[in-house]
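Heads up, the thing below is written out as structure tokens.
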Amino acid sequence: MLDIRFVRENPDIVKENIKKKFQEEKLPLVDEVIELDREKREAQKKADELRANRNKLSKEIGNLMAQGKKEEGMALREKVKAQAEELESLSEKESKLSDKINKIMMIIPNIIDSSVPIGRDDSENVEIQKYGEPLVPDFEIPYHTDIMEKFNGIDLDAAGRVAGNGFYYLMGDIARLHSAVLAYARDFMINRGFTYCIPPYMIRSAVVNGVMSFAEMDAMMYKIEGEDLYLIGTSEHSMIGKFIDTITPESELPKALTSYSPCFRKEKGAHGIEERGVYRIHQFEKQEMIVVCKPDESKMWFDRLWQNTVDLFRSLDIPVRTLECCSGDLADLKVKSIDVEAWSPRQKKYFEVGSCSNLSDAQARRLKIRIKGENGNYLAHTLNNTVVAPPRMLIAFLENNLNKDGSANIPSALQPYMGETKKLIPSK
């Protein structure tokens, strides 16, 4: 969320940014919110004048009463009473205007970084770099659920009877592999200096509104009926929420945390062949990383975060590439985002396995996440990135480590988490 003062002083920049994000329907909101802000400031000014005058009259009333001039004092009291009614009306007006301004400011997009490529949607994202050789073996790679079934590792039918579409049972070696990947990712991030955390899996609406846009919330979040609680779609939500309404001394920054959690998503609009199996689901587990830092350090942290994901996947022999998200593909709170995509030998293309985002001070402004500096308090910058999100990561893992005989190699880095198993042997 932008600072209203910035919008007021730079309306052309805000409008140009909206155009770059191809959200022309939001252009009238800029002039509307500036006018509402003008009205609010006028009401505030008049209210402040009335308060000052009321204090002055109150002193005069006291003096008159002390001098025995009761009638004059009572007359002034009536004047103070009338001003109190006007002040109450102005306060109500201020409150209504503030609500209107806040609602508009919540949907005006953040100013994107100057390095972000301009494009309408994800088809115009820009490849940055490839890591590892994207090989296609000389044998056919089955669909990922077919691979898992060979290991007796998945039961979608039972999950459908128990919970419906978009859920799964993982079993045996595949379930163990799932847990091993998460444990390995946890230790990988701890070894890179991040503090491990297990957060709440539900958050209040104040946190939801602080970490994401209304459109994202509607498409993603599950609401707990009768409670002011939502199931998290990613642990980033509760991890950033951890710092709501806090003031952290500069000396204690940065806060670099890595968190494990289950994630719950509606996944509205999901469709197509790759939505089958465990590619796009309503429940999964994930290792996440978040950083709260000083503004002048957020660019450095952004580059470190996405590199962590690249390094982790490469340590498991999975080729990946990085993509710069174009302006139209950025959520409104983000100023810059890079996706990490893993190579799929079966599809002969890359698919998304992680997303790294710099939100500058947008979440911090909504959640009042502040830093205590020598010259006063100021807003922090927040960043987040996926470390690994199985079971989607399992798709990349199995496809890239599958052998012609149906077995799957376990990279050396993961073997300690799999009881030193070097290869998975299919049961079927």
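Within each chain, counting starts at residue 1; across the structure tokens, chains are named A, B, ... in the order shown, with ligands numbered 1 upward in that order.
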task: Within region 177-350 of chain A, find each residue whose DSSP state, derived from the backbone, is alpha helix (DSSP H), and express the selection as a PyMOL selection string.
output: chain A and resi 177-190+205-211+214-220+235-241+298-315
task: Identify, on the basis of only C-alpha atoms, every residue whose closest approach to Lys21 (chain A) does not exceed 12 Å; exclude the query and any residue fewer than 4 positions from it along the same chain; express the result as a PyMOL selection string.
output: chain A and resi 14-17+25-27+108-113+116-122+325-335
Exercise: region 384-395 of chain A partners within 9 Å, only C-alpha atoms, chain neighbours under 2 positions left out, as a ChimeraX atom specification: /A:143-145,174,177-179,181-182,185-186,189,236,240,258,278-280,284-291,302,305-306,308-310,312-313,340,342,344,352-359,382,397-400
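Among the candidates A:Lys368, A:Lys299, A:Lys266, A:Lys130, the one nearest to Ile318 (chain A) when counting only C-alpha atoms is A:Lys130.
Distance-wise, CA of Asp37 (chain A) and CA of Asn375 (chain A) end up 27.5 Å apart.
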message: So that I can check the surroundings of region 199-205 of chain A, please list as a count of residues only every protein, DNA and RNA residue that reaches within 6 Å of it, counting only C-alpha atoms and ignoring chain neighbours fewer than 5 positions away.
response: 5
- request: Could you find all residues in region 104-350 of chain A that DSSP calls strand (DSSP E) from the backbone, and write them as a ChimeraX atom specification?
  value: /A:126-131,154-155,169-170,195-197,202-203,222-223,230-231,246-249,255-264,283-293,320-324,336-344,349-350
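Take CA of Lys336 (chain A) and CA of Gly373 (chain A): the distance between them is 25.7 Å.
Compared by their closest atoms to Glu267 (chain A), and using only C-alpha atoms, the residues A:Ser427, A:Gln363, A:Gln283, A:Ser298 rank with A:Gln283 nearest.
Between CA of Gly210 (chain A) and CA of Glu92 (chain A) the separation is 24.8 Å.
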message: Give me, as JSON, numbers by chain, all polymer residues having an atom no more than 9 Å from region 152-165 of chain A, counting only C-alpha atoms and skipping those fewer than 2 positions away in the same chain.
response: {"A": [145, 147, 148, 149, 150, 167, 168, 169, 170, 171, 172, 173, 174, 175, 277, 281, 282, 426, 427, 428]}
Selection to disk with C-alpha atoms, as a PDB file, in the first residue's frame:
ATOM      1  CA  THR A 145       0.885 -40.015 -10.321  1.00  0.00           C
ATOM      2  CA  ILE A 147       5.266 -42.946 -11.176  1.00  0.00           C
ATOM      3  CA  MET A 148       4.051 -42.695  -7.584  1.00  0.00           C
ATOM      4  CA  GLU A 149       1.603 -45.567  -8.059  1.00  0.00           C
ATOM      5  CA  LYS A 150       4.486 -47.810  -9.167  1.00  0.00           C
ATOM      6  CA  PHE A 167      -6.549 -33.983  -1.888  1.00  0.00           C
ATOM      7  CA  TYR A 168      -4.300 -37.050  -1.672  1.00  0.00           C
ATOM      8  CA  TYR A 169      -2.849 -39.806   0.480  1.00  0.00           C
ATOM      9  CA  LEU A 170       0.929 -40.181   0.171  1.00  0.00           C
ATOM     10  CA  MET A 171       2.275 -43.493   1.440  1.00  0.00           C
ATOM     11  CA  GLY A 172       5.388 -45.588   1.886  1.00  0.00           C
ATOM     12  CA  ASP A 173       8.579 -44.436   0.180  1.00  0.00           C
ATOM     13  CA  ILE A 174       6.858 -41.480  -1.480  1.00  0.00           C
ATOM     14  CA  ALA A 175       5.528 -40.206   1.848  1.00  0.00           C
ATOM     15  CA  GLY A 277      -2.673 -35.526  -9.476  1.00  0.00           C
ATOM     16  CA  ILE A 281      -4.117 -29.062  -4.761  1.00  0.00           C
ATOM     17  CA  HIS A 282      -6.047 -27.673  -1.800  1.00  0.00           C
ATOM     18  CA  PRO A 426       9.128 -49.745  -7.581  1.00  0.00           C
ATOM     19  CA  SER A 427       6.718 -52.307  -6.109  1.00  0.00           C
ATOM     20  CA  LYS A 428       4.787 -52.737  -9.340  1.00  0.00           C
TER      21      LYS A 428
END
query: Skipping near chain neighbours, those fewer than 6 positions away, what residues fall within 7 Å of Pro319 (chain A) using only C-alpha atoms, listed as a list in words?
result: Tyr131, Gly132, Glu133, Pro134, Ala342 and Trp343 of chain A
May I have the residues from that selection written out with C-alpha atoms, as a PDB file, in the first residue's frame?
ATOM      1  CA  TYR A 131      21.044 -23.754 -13.980  1.00  0.00           C
ATOM      2  CA  GLY A 132      21.860 -27.360 -14.892  1.00  0.00           C
ATOM      3  CA  GLU A 133      21.367 -29.224 -18.150  1.00  0.00           C
ATOM      4  CA  PRO A 134      17.659 -29.850 -18.983  1.00  0.00           C
ATOM      5  CA  ALA A 342      12.090 -26.748 -12.415  1.00  0.00           C
ATOM      6  CA  TRP A 343      12.694 -28.786 -15.563  1.00  0.00           C
TER       7      TRP A 343
END
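Around Arg370 (chain A), within 12 Å and counting only C-alpha atoms, the residues found are Phe243, Ile244, Asp245, Thr246, Ile247, Thr248, Pro249, Glu250, Leu253, Val292, Cys293, Lys294, Pro295, Asp361, Ala362, Gln363, Ala364, Gly376, Asn377, Tyr378, Leu379, Ala380, His381 and Thr382 of chain A, once anything fewer than 6 positions away on its own chain is removed.
The residue that comes closest to Phe351 (chain A), out of A:Glu39, A:Asp48, A:Asp339, A:Asp12 and on the basis of only C-alpha atoms, is A:Asp339.
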